[in-house]
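Undergrad: Input file: structure-v1.cif. Contents: mmCIF, C-alpha atoms.
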data_model
#
loop_
_atom_site.label_atom_id
_atom_site.label_comp_id
_atom_site.auth_asym_id
_atom_site.auth_seq_id
_atom_site.Cartn_x
_atom_site.Cartn_y
_atom_site.Cartn_z
CA MET A 39 11.62 -0.66 27.12
CA GLY A 40 14.30 -0.50 24.40
CA ASN A 41 14.24 1.88 21.44
CA ASN A 42 13.36 -0.88 18.96
CA ASP A 43 10.43 -1.88 21.17
CA ARG A 44 8.95 1.56 20.51
CA ASN A 45 9.03 1.05 16.74
CA PHE A 46 5.87 -0.33 15.13
CA ILE A 47 4.91 -1.33 11.60
CA LEU A 48 1.43 -1.20 10.09
CA ILE A 49 0.94 -3.39 7.01
CA LEU A 50 -1.92 -2.17 4.84
CA ALA A 51 -3.70 -5.25 3.50
CA GLY A 52 -7.31 -4.25 3.03
CA GLY A 53 -7.37 -3.20 -0.61
CA LYS A 54 -9.58 -4.74 -3.27
CA GLY A 55 -6.92 -4.80 -6.01
CA ARG A 56 -9.47 -4.02 -8.70
CA ARG A 57 -6.90 -2.84 -11.27
CA LEU A 58 -5.47 -6.38 -11.40
CA TRP A 59 -8.82 -8.00 -12.10
CA PRO A 60 -9.70 -10.76 -12.87
CA VAL A 61 -6.69 -12.42 -11.17
CA SER A 62 -7.16 -10.13 -8.18
CA ASN A 63 -10.82 -10.30 -7.22
CA ARG A 64 -13.19 -9.49 -4.34
CA LEU A 65 -12.70 -12.91 -2.71
CA LEU A 66 -8.91 -13.02 -3.04
CA PRO A 67 -7.34 -9.59 -3.72
CA LYS A 68 -3.77 -9.08 -4.91
CA GLN A 69 -2.16 -8.90 -1.45
CA PHE A 70 -3.10 -12.53 -0.85
CA LEU A 71 -1.69 -13.78 -4.18
CA ASP A 72 1.70 -15.06 -5.30
CA PHE A 73 2.16 -13.15 -8.55
CA PHE A 74 5.78 -14.10 -9.17
CA SER A 75 5.95 -17.82 -8.29
CA THR A 76 8.04 -17.23 -5.18
CA GLY A 77 5.94 -19.52 -3.02
CA ARG A 78 4.95 -16.53 -0.88
CA THR A 79 2.04 -14.12 -1.27
CA GLN A 80 2.49 -10.36 -1.26
CA LEU A 81 1.26 -10.19 2.34
CA GLN A 82 3.56 -13.00 3.51
CA THR A 83 6.57 -11.38 1.88
CA THR A 84 5.76 -8.01 3.43
CA TYR A 85 5.28 -9.55 6.87
CA GLU A 86 8.60 -11.41 6.66
CA ARG A 87 10.37 -8.15 5.79
CA ALA A 88 8.72 -6.46 8.76
CA LEU A 89 9.99 -9.19 11.09
CA ARG A 90 13.53 -8.17 10.16
CA ILE A 91 12.84 -4.66 11.42
CA VAL A 92 10.63 -4.87 14.54
CA PRO A 93 9.50 -7.59 16.98
CA ARG A 94 6.47 -9.70 16.04
CA GLU A 95 4.32 -8.08 18.71
CA ASN A 96 4.98 -4.66 17.12
CA ILE A 97 3.51 -5.56 13.73
CA PHE A 98 -0.07 -4.55 12.95
CA ILE A 99 -1.98 -5.80 9.92
CA SER A 100 -4.91 -3.72 8.73
CA THR A 101 -7.53 -5.47 6.62
CA ASN A 102 -11.26 -5.72 6.15
CA LYS A 103 -13.12 -8.18 8.38
CA THR A 104 -14.03 -10.11 5.20
CA TYR A 105 -10.39 -11.22 4.93
CA GLU A 106 -9.82 -12.17 8.57
CA ASP A 107 -9.58 -15.91 7.89
CA ILE A 108 -7.23 -15.39 4.92
CA VAL A 109 -4.88 -13.23 6.97
CA LYS A 110 -4.81 -15.73 9.83
CA GLU A 111 -4.19 -18.60 7.40
CA GLN A 112 -1.35 -16.83 5.58
CA ILE A 113 0.20 -15.27 8.72
CA PRO A 114 -0.48 -17.87 11.44
CA ASP A 115 1.99 -16.33 13.92
CA ALA A 116 0.48 -12.81 13.72
CA ILE A 117 -0.71 -11.48 17.09
CA THR A 118 -4.50 -11.74 16.95
CA ASP A 119 -5.03 -8.44 18.75
CA ASN A 120 -2.74 -6.78 16.20
CA ILE A 121 -4.97 -7.66 13.24
CA LEU A 122 -7.04 -4.49 12.84
CA LEU A 123 -10.28 -5.65 11.22
CA GLU A 124 -12.14 -2.81 9.54
CA PRO A 125 -15.89 -3.30 9.98
CA ILE A 126 -16.62 -1.57 6.67
CA VAL A 127 -14.56 -0.73 3.60
CA ARG A 128 -12.57 2.45 4.03
CA ASN A 129 -9.43 3.86 2.42
CA THR A 130 -6.01 3.93 4.07
CA ALA A 131 -6.26 7.04 6.27
CA PRO A 132 -8.70 5.50 8.81
CA SER A 133 -6.47 2.41 9.05
CA VAL A 134 -3.43 4.51 9.91
CA ALA A 135 -5.46 6.59 12.35
CA TRP A 136 -6.58 3.43 14.16
CA ALA A 137 -3.01 2.16 14.55
CA THR A 138 -1.95 5.63 15.69
CA PHE A 139 -4.63 5.61 18.37
CA ARG A 140 -3.54 2.14 19.55
CA ILE A 141 0.11 3.17 19.93
CA TYR A 142 -0.59 6.61 21.37
CA ASN A 143 -2.80 5.12 24.09
CA ASN A 144 -0.49 2.23 24.99
CA PRO A 145 0.22 2.84 28.71
CA GLU A 146 3.66 1.23 28.44
CA LEU A 147 4.74 3.76 25.81
CA ASN A 148 3.38 6.90 27.45
CA GLY A 149 2.65 8.28 23.98
CA ASP A 150 6.21 7.67 22.77
CA GLY A 151 6.08 5.23 19.88
CA ARG A 152 6.86 5.43 16.19
CA LEU A 153 4.79 3.96 13.36
CA LEU A 154 5.99 2.98 9.89
CA VAL A 155 3.19 2.36 7.39
CA ILE A 156 3.93 -0.18 4.65
CA PRO A 157 1.62 -1.19 1.77
CA SER A 158 1.46 -4.92 1.09
CA ASP A 159 1.54 -4.61 -2.71
CA GLN A 160 5.19 -3.75 -3.33
CA ALA A 161 8.11 -5.60 -4.86
CA ILE A 162 11.45 -4.90 -3.16
CA ILE A 163 14.67 -5.77 -4.97
CA ASN A 164 17.32 -5.31 -2.26
CA GLU A 165 15.91 -6.65 1.01
CA ASP A 166 19.00 -5.82 3.09
CA GLU A 167 19.03 -2.20 1.97
CA TYR A 168 15.28 -2.02 2.59
CA VAL A 169 15.76 -3.11 6.21
CA GLU A 170 18.61 -0.63 6.70
CA SER A 171 16.48 2.17 5.22
CA ALA A 172 13.55 1.31 7.50
CA ASN A 173 15.80 1.52 10.56
CA ALA A 174 17.18 4.86 9.36
CA ILE A 175 13.62 6.15 8.92
CA PHE A 176 12.73 5.12 12.46
CA ASP A 177 15.86 6.83 13.79
CA TYR A 178 15.04 10.06 11.99
CA ALA A 179 11.41 10.02 13.15
CA ALA A 180 12.57 9.46 16.73
CA THR A 181 14.52 12.73 16.76
CA HIS A 182 12.41 14.95 14.47
CA ASP A 183 8.72 15.83 14.78
CA LYS A 184 8.11 15.29 11.10
CA LEU A 185 6.10 13.04 8.83
CA VAL A 186 8.82 11.06 7.07
CA LEU A 187 7.84 9.98 3.57
CA VAL A 188 9.73 7.50 1.42
CA GLY A 189 10.40 8.11 -2.26
CA VAL A 190 12.45 6.51 -5.03
CA VAL A 191 14.00 8.06 -8.13
CA PRO A 192 11.59 7.75 -11.07
CA THR A 193 12.81 5.82 -14.10
CA ARG A 194 9.99 6.67 -16.51
CA PRO A 195 7.16 9.23 -16.86
CA GLU A 196 4.64 7.12 -14.93
CA GLN A 197 1.14 8.63 -14.70
CA GLY A 198 -0.14 6.09 -12.17
CA TYR A 199 2.13 7.12 -9.28
CA GLY A 200 2.34 10.07 -6.91
CA TYR A 201 5.38 12.38 -6.92
CA PHE A 202 7.15 14.26 -4.13
CA GLN A 203 9.19 17.35 -4.94
CA MET A 204 12.39 17.71 -2.91
CA ASP A 205 13.39 21.12 -1.57
CA GLY A 206 16.90 20.99 -0.11
CA ALA A 207 18.45 18.82 2.58
CA ALA A 208 16.35 18.32 5.71
CA PRO A 209 17.84 19.20 9.13
CA GLY A 210 20.00 16.32 10.27
CA GLY A 211 19.19 14.40 7.12
CA GLY A 212 22.56 14.28 5.41
CA ASP A 213 22.22 13.20 1.78
CA ARG A 214 19.22 10.90 2.41
CA PHE A 215 16.46 13.11 3.84
CA PHE A 216 15.06 16.16 2.08
CA ASN A 217 12.40 18.73 2.81
CA ALA A 218 9.22 17.91 0.87
CA LYS A 219 7.91 20.86 -1.12
CA THR A 220 4.90 19.51 -3.01
CA PHE A 221 3.02 16.29 -3.64
CA VAL A 222 1.27 15.55 -6.93
CA GLU A 223 -0.90 12.46 -7.30
CA LYS A 224 -1.12 10.77 -10.73
CA PRO A 225 -0.06 13.65 -12.99
CA SER A 226 -0.65 13.97 -16.71
CA LEU A 227 1.97 12.46 -19.03
CA GLU A 228 3.30 15.93 -19.79
CA TYR A 229 3.86 16.72 -16.11
CA ALA A 230 5.24 13.24 -15.37
CA GLN A 231 7.83 13.77 -18.11
CA MET A 232 8.72 17.18 -16.67
CA PHE A 233 9.07 15.70 -13.17
CA LEU A 234 11.41 13.04 -14.54
CA GLU A 235 13.59 15.59 -16.33
CA THR A 236 13.99 18.05 -13.46
CA GLY A 237 15.53 15.51 -11.08
CA GLU A 238 13.66 17.16 -8.20
CA PHE A 239 10.88 14.60 -7.88
CA LEU A 240 10.61 11.15 -6.35
CA TRP A 241 7.96 8.49 -6.77
CA ASN A 242 5.74 7.95 -3.75
CA THR A 243 6.20 4.42 -2.35
CA GLY A 244 3.24 4.79 0.00
CA MET A 245 5.51 4.32 3.01
CA VAL A 246 5.35 6.94 5.76
CA CYS A 247 6.74 7.07 9.29
CA ALA A 248 6.31 9.39 12.28
CA ASP A 249 6.06 9.46 16.03
CA ALA A 250 2.51 8.59 17.14
CA ARG A 251 2.14 12.12 18.53
CA VAL A 252 2.96 13.59 15.10
CA PHE A 253 0.45 11.30 13.39
CA ARG A 254 -2.16 12.19 16.02
CA THR A 255 -1.68 15.92 15.42
CA ALA A 256 -2.04 15.41 11.67
CA PHE A 257 -5.20 13.31 12.00
CA MET A 258 -6.79 15.77 14.42
CA LYS A 259 -6.80 18.19 11.49
CA VAL A 260 -8.33 15.63 9.12
CA PHE A 261 -11.19 14.28 11.24
CA PRO A 262 -11.09 16.07 14.59
CA TYR A 263 -14.65 15.27 15.69
CA VAL A 264 -14.30 11.49 15.58
CA PHE A 265 -10.74 11.46 16.91
CA ARG A 266 -11.56 13.70 19.90
CA ARG A 267 -14.62 11.60 20.75
CA MET A 268 -12.48 8.47 20.51
CA GLU A 269 -9.96 9.88 22.97
CA ARG A 270 -12.59 11.13 25.42
CA ARG A 271 -14.39 7.80 25.25
CA HIS A 272 -11.15 5.99 26.08
CA GLU A 273 -9.63 8.07 28.80
CA PHE A 274 -9.11 4.74 30.59
CA TYR A 275 -7.85 2.74 27.64
CA ALA A 276 -8.66 -0.94 27.05
CA LEU A 277 -8.60 -3.03 23.88
CA GLU A 278 -12.20 -4.14 24.31
CA ARG A 279 -13.39 -0.54 24.57
CA GLU A 280 -11.38 0.31 21.47
CA ARG A 281 -13.01 -2.50 19.48
CA GLU A 282 -16.48 -1.48 20.61
CA TYR A 283 -15.88 2.11 19.59
CA VAL A 284 -14.39 1.18 16.20
CA SER A 285 -17.31 -1.13 15.47
CA ALA A 286 -19.80 1.61 16.24
CA LYS A 287 -18.01 4.67 14.84
CA TYR A 288 -15.71 3.52 12.02
CA SER A 289 -18.33 4.43 9.42
CA GLN A 290 -18.04 8.08 10.51
CA LEU A 291 -14.40 8.25 9.43
CA PRO A 292 -13.98 9.72 5.94
CA ASN A 293 -13.25 7.32 3.10
CA THR A 294 -9.94 8.96 2.23
CA SER A 295 -6.37 7.89 1.53
CA ILE A 296 -3.24 8.88 3.43
CA GLU A 297 -2.06 10.58 0.22
CA LYS A 298 -5.14 12.82 0.16
CA SER A 299 -5.32 13.45 3.90
CA LEU A 300 -1.66 13.62 4.94
CA PHE A 301 0.60 14.14 1.92
CA GLU A 302 -0.93 17.09 0.06
CA ASP A 303 0.09 19.59 2.76
CA CYS A 304 3.87 19.21 2.86
CA SER A 305 4.51 21.90 5.50
CA ASN A 306 5.84 19.39 8.07
CA HIS A 307 7.10 16.66 5.77
CA VAL A 308 10.50 15.17 5.02
CA VAL A 309 11.11 12.66 2.25
CA MET A 310 13.76 9.96 2.31
CA LYS A 311 15.44 9.27 -1.03
CA ALA A 312 15.56 5.48 -0.97
CA SER A 313 17.47 3.18 -3.32
CA PHE A 314 16.43 -0.33 -2.30
CA GLY A 315 14.75 -1.11 -5.62
CA TRP A 316 10.98 -0.67 -5.57
CA ALA A 317 8.05 -1.53 -7.78
CA ASP A 318 4.34 -1.06 -7.30
CA ILE A 319 2.22 -4.17 -7.83
CA GLY A 320 -0.87 -2.07 -8.39
CA SER A 321 -1.79 -2.58 -12.03
CA TRP A 322 -0.97 -4.74 -15.05
CA HIS A 323 0.72 -1.77 -16.67
CA SER A 324 2.97 -1.07 -13.68
CA ILE A 325 4.05 -4.72 -13.50
CA TYR A 326 4.80 -4.75 -17.23
CA SER A 327 6.74 -1.48 -17.04
CA GLN A 328 8.99 -2.84 -14.31
CA TYR A 329 9.97 -5.86 -16.43
CA ALA A 330 10.29 -3.74 -19.58
CA GLU A 331 12.95 -1.59 -17.89
CA GLU A 332 15.01 -4.78 -17.58
CA GLY A 333 14.71 -5.46 -21.31
CA VAL A 334 11.87 -7.98 -21.19
CA ASP A 335 9.56 -7.86 -24.23
CA ASN A 336 6.61 -10.12 -23.44
CA VAL A 337 6.07 -10.49 -19.68
CA VAL A 338 4.83 -13.94 -18.63
CA LEU A 339 3.63 -14.51 -15.06
CA ASN A 340 3.14 -18.13 -13.95
CA SER A 341 1.99 -19.19 -17.42
CA LYS A 342 2.77 -21.49 -20.34
CA VAL A 343 2.91 -19.34 -23.47
CA MET A 344 4.24 -19.50 -27.04
CA PHE A 345 4.66 -16.21 -28.92
CA GLU A 346 4.95 -15.51 -32.62
CA ASP A 347 5.38 -11.98 -33.97
CA SER A 348 4.00 -10.59 -30.71
CA HIS A 349 5.53 -7.88 -28.56
CA GLY A 350 4.84 -5.80 -25.47
CA ASN A 351 2.28 -8.14 -23.91
CA ILE A 352 1.74 -9.30 -20.31
CA VAL A 353 0.22 -12.74 -19.77
CA ASN A 354 -1.08 -14.44 -16.63
CA LEU A 355 -3.07 -17.66 -17.05
CA PRO A 356 -4.08 -20.69 -14.95
CA ASP A 357 -1.65 -23.61 -14.69
CA ASP A 358 -3.81 -25.87 -16.85
CA ARG A 359 -3.75 -23.49 -19.83
CA VAL A 360 -1.31 -23.26 -22.73
CA ALA A 361 -1.55 -20.08 -24.78
CA VAL A 362 -0.37 -19.63 -28.37
CA ILE A 363 -0.26 -15.90 -29.09
CA ALA A 364 0.45 -14.64 -32.61
CA ASN A 365 0.48 -11.13 -34.07
CA LEU A 366 -0.59 -9.47 -30.84
CA ASN A 367 1.10 -6.32 -29.59
CA GLY A 368 0.63 -4.35 -26.37
CA TYR A 369 -2.09 -6.44 -24.73
CA ILE A 370 -3.01 -7.94 -21.36
CA VAL A 371 -4.05 -11.58 -21.56
CA THR A 372 -5.28 -13.00 -18.29
CA GLU A 373 -7.81 -15.49 -16.94
CA LYS A 374 -9.22 -16.31 -13.51
CA ASN A 375 -12.50 -17.53 -12.02
CA GLY A 376 -14.19 -18.05 -15.37
CA VAL A 377 -13.19 -14.64 -16.74
CA LEU A 378 -10.85 -14.37 -19.73
CA MET A 379 -9.75 -10.79 -20.37
CA ILE A 380 -7.82 -9.63 -23.41
CA CYS A 381 -7.44 -5.87 -23.55
CA LYS A 382 -5.06 -3.13 -24.57
CA LYS A 383 -2.33 -2.50 -22.00
CA GLU A 384 -2.47 1.26 -22.56
CA ASN A 385 -4.98 2.94 -20.23
CA SER A 386 -5.70 -0.50 -18.80
CA SER A 387 -6.76 0.75 -15.35
CA SER A 388 -9.66 2.79 -16.75
CA LEU A 389 -10.56 0.02 -19.19
CA ILE A 390 -10.62 -2.62 -16.46
CA LYS A 391 -12.86 -0.44 -14.31
CA LYS A 392 -15.25 -0.17 -17.25
CA TYR A 393 -15.15 -3.92 -17.97
CA ARG A 394 -15.70 -4.86 -14.32
CA ASN A 395 -18.78 -2.68 -14.12
CA GLU A 396 -20.19 -4.09 -17.34
CA VAL A 397 -19.56 -7.69 -16.26
CA ARG A 398 -21.24 -6.99 -12.92
CA ILE A 399 -24.32 -5.54 -14.60
CA ILE A 400 -24.65 -8.22 -17.28
CA TYR A 401 -23.36 -11.38 -15.58
CA GLY A 402 -23.41 -10.67 -11.83
CA GLU A 403 -21.14 -10.22 -8.82
CA GLU A 404 -19.79 -13.77 -8.91
CA TYR A 405 -17.32 -12.82 -11.66
CA LEU A 406 -15.83 -9.93 -9.73
#
Please express what this file holds, its structure, as structure tokens.
TA:
Amino acid sequence: MGNNDRNFILILAGGKGRRLWPVSNRLLPKQFLDFFSTGRTQLQTTYERALRIVPRENIFISTNKTYEDIVKEQIPDAITDNILLEPIVRNTAPSVAWATFRIYNNPELNGDGRLLVIPSDQAIINEDEYVESANAIFDYAATHDKLVLVGVVPTRPEQGYGYFQMDGAAPGGGDRFFNAKTFVEKPSLEYAQMFLETGEFLWNTGMVCADARVFRTAFMKVFPYVFRRMERRHEFYALEREREYVSAKYSQLPNTSIEKSLFEDCSNHVVMKASFGWADIGSWHSIYSQYAEEGVDNVVLNSKVMFEDSHGNIVNLPDDRVAVIANLNGYIVTEKNGVLMICKKENSSSLIKKYRNEVRIIYGEEYL
């Protein structure tokens, strides 16, 4: 078995995408949408990038069982056994733990396989450099028993992202890999500005890589009871046994993210300083900010819009709509599934959470 055959990618595609409501909704979340008129959804684009890095049979897709048909429709050549269908909604840590268990127990690997976790809601500017960086991450993880995180240089004091603090060059890392000192998730504006000014911090891309044995050791600390029972139950490993166990026991895994469970303790972490051009497609504000850095005033996504004396807006409307927007500054204007939302772009994530809850209570689940 060649070295590349021991490299695996897990695509995280089970999120609800609530911060991009109403365009991203419970029936069709953001990872299954084409936000930028490329003809490819976020999941399809992520999968095609992964194919440039590892063989098809080494790509896992984690999603909720609700989205099984959507995943199979959008990625028809995905290996069916490699679609990890969560029986209930959980955060990202259980998804990564499941993929870790699958690789660690693969008899052909004898516990020697590396896993790179990739969110499906990212925009990548330089695809070639992204592929080269992914291969470099795999190479580093193959020779160092570390959790290898991936960060990018911040360009603004963004409160919605996590930050890694670098602490000197990592062993064998040259000028690309650094020891991780601390991780701070979604800091205040004051701290985000300080992080930007020090030059010591990187934005968290959500990508992380390690040997399966390193991941296993980390997860044994997070939920040892379930993981030990899983391993004892599957001393003689088989996919069918794995599925049965996951179906019965997945609810016992904590509903926690990889950031909360794996990143906060940086004692065995290295962070790669990447430069492939990265943007989070997690909220209306983050999408707008990315365009604003390129000098765009009003951001228009797949929409027909006329502006007059309006600035700093982001607009996403159905194809059969024409919007005339006058004297409006700093707003989100978007419509989908019978919901028209016009709200201030500032603090939009908390506002959207509030609006979604109110719509659910007053008008019902169908609009979510």
Undergrad: For the file shown, report as a PyMOL selection string the outcome of the PyMOL selection byres ((chain A and resi 327-335) around 12) at residue level.
TA: chain A and resi 74+160-163+192-198+315-326+336-339+345+347-353+367-369+383-384
Undergrad: Keeping only C-alpha atoms, write the selected residues to a file as an mmCIF file, keeping the file's coordinate frame.
TA:
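The resulting file, result_39.cif, is reproduced below:
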data_model
loop_
_atom_site.group_PDB
_atom_site.id
_atom_site.type_symbol
_atom_site.label_atom_id
_atom_site.label_comp_id
_atom_site.auth_asym_id
_atom_site.auth_seq_id
_atom_site.Cartn_x
_atom_site.Cartn_y
_atom_site.Cartn_z
ATOM 1 C CA PHE A 74 5.780 -14.100 -9.170
ATOM 2 C CA GLN A 160 5.190 -3.750 -3.330
ATOM 3 C CA ALA A 161 8.110 -5.600 -4.860
ATOM 4 C CA ILE A 162 11.450 -4.900 -3.160
ATOM 5 C CA ILE A 163 14.670 -5.770 -4.970
ATOM 6 C CA PRO A 192 11.590 7.750 -11.070
ATOM 7 C CA THR A 193 12.810 5.820 -14.100
ATOM 8 C CA ARG A 194 9.990 6.670 -16.510
ATOM 9 C CA PRO A 195 7.160 9.230 -16.860
ATOM 10 C CA GLU A 196 4.640 7.120 -14.930
ATOM 11 C CA GLN A 197 1.140 8.630 -14.700
ATOM 12 C CA GLY A 198 -0.140 6.090 -12.170
ATOM 13 C CA GLY A 315 14.750 -1.110 -5.620
ATOM 14 C CA TRP A 316 10.980 -0.670 -5.570
ATOM 15 C CA ALA A 317 8.050 -1.530 -7.780
ATOM 16 C CA ASP A 318 4.340 -1.060 -7.300
ATOM 17 C CA ILE A 319 2.220 -4.170 -7.830
ATOM 18 C CA GLY A 320 -0.870 -2.070 -8.390
ATOM 19 C CA SER A 321 -1.790 -2.580 -12.030
ATOM 20 C CA TRP A 322 -0.970 -4.740 -15.050
ATOM 21 C CA HIS A 323 0.720 -1.770 -16.670
ATOM 22 C CA SER A 324 2.970 -1.070 -13.680
ATOM 23 C CA ILE A 325 4.050 -4.720 -13.500
ATOM 24 C CA TYR A 326 4.800 -4.750 -17.230
ATOM 25 C CA ASN A 336 6.610 -10.120 -23.440
ATOM 26 C CA VAL A 337 6.070 -10.490 -19.680
ATOM 27 C CA VAL A 338 4.830 -13.940 -18.630
ATOM 28 C CA LEU A 339 3.630 -14.510 -15.060
ATOM 29 C CA PHE A 345 4.660 -16.210 -28.920
ATOM 30 C CA ASP A 347 5.380 -11.980 -33.970
ATOM 31 C CA SER A 348 4.000 -10.590 -30.710
ATOM 32 C CA HIS A 349 5.530 -7.880 -28.560
ATOM 33 C CA GLY A 350 4.840 -5.800 -25.470
ATOM 34 C CA ASN A 351 2.280 -8.140 -23.910
ATOM 35 C CA ILE A 352 1.740 -9.300 -20.310
ATOM 36 C CA VAL A 353 0.220 -12.740 -19.770
ATOM 37 C CA ASN A 367 1.100 -6.320 -29.590
ATOM 38 C CA GLY A 368 0.630 -4.350 -26.370
ATOM 39 C CA TYR A 369 -2.090 -6.440 -24.730
ATOM 40 C CA LYS A 383 -2.330 -2.500 -22.000
ATOM 41 C CA GLU A 384 -2.470 1.260 -22.560
#
Undergrad: Nearest to Glu165 in chain A among A:Ser313, A:Ser226, A:Asn365, A:Gln80, with distances taken over only C-alpha atoms: which residue is it?
TA: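 Using only C-alpha atoms, Glu165 in chain A sits closest to A:Ser313.
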Undergrad: Convert the output of the PyMOL selection byres ((chain A and resi 357) around 10) on the shown file into explicit residues, formatted as a compact mmCIF listing (two decimals) with C-alpha atoms, in the coordinates of the input.
TA:
# COMPACT_ATOMS: atom_id res chain seq x y z
CA ASN A 340 3.14 -18.13 -13.95
CA SER A 341 1.99 -19.19 -17.42
CA LYS A 342 2.77 -21.49 -20.34
CA ASN A 354 -1.08 -14.44 -16.63
CA LEU A 355 -3.07 -17.66 -17.05
CA PRO A 356 -4.08 -20.69 -14.95
CA ASP A 358 -3.81 -25.87 -16.85
CA ARG A 359 -3.75 -23.49 -19.83
CA VAL A 360 -1.31 -23.26 -22.73
Undergrad: Just how far from CA of Tyr229 in chain A is CA of Ile156 in chain A, in Å to one decimal?
TA: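 Atom-to-atom, CA of Ile156 in chain A and CA of Tyr229 in chain A are spaced 26.8 Å apart.
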Undergrad: Give me the residues within 12 Å of Thr236 in chain A as a list in words, counting only C-alpha atoms and dropping any in the same chain fewer than 4 places off.
TA: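 After dropping sequence-adjacent residues, the list is Val191, Pro192, Pro195, Gln203, Met204, Tyr229, Ala230, Gln231, Met232 and Leu240 of chain A.
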Undergrad: Return the single residue from A:Ala172, A:Leu154, A:Val308, A:Leu389 that is closest to Pro209 in chain A, with distances computed using all atoms listed in the file.
TA: A:Val308
Undergrad: Just the residues within 9 Å of range 128-131 of chain A, please, counting all atoms listed in the file, with nothing from its chain fewer than 2 positions along; format it as a PyMOL selection string.
TA: chain A and resi 50+52-53+102+124-126+133-136+257+288-289+291-300
Undergrad: Could you check which of A:Cys304, A:Val371, A:Leu277, A:Ile91 is closest to Arg44 in chain A, using only C-alpha atoms?
TA: A:Ile91
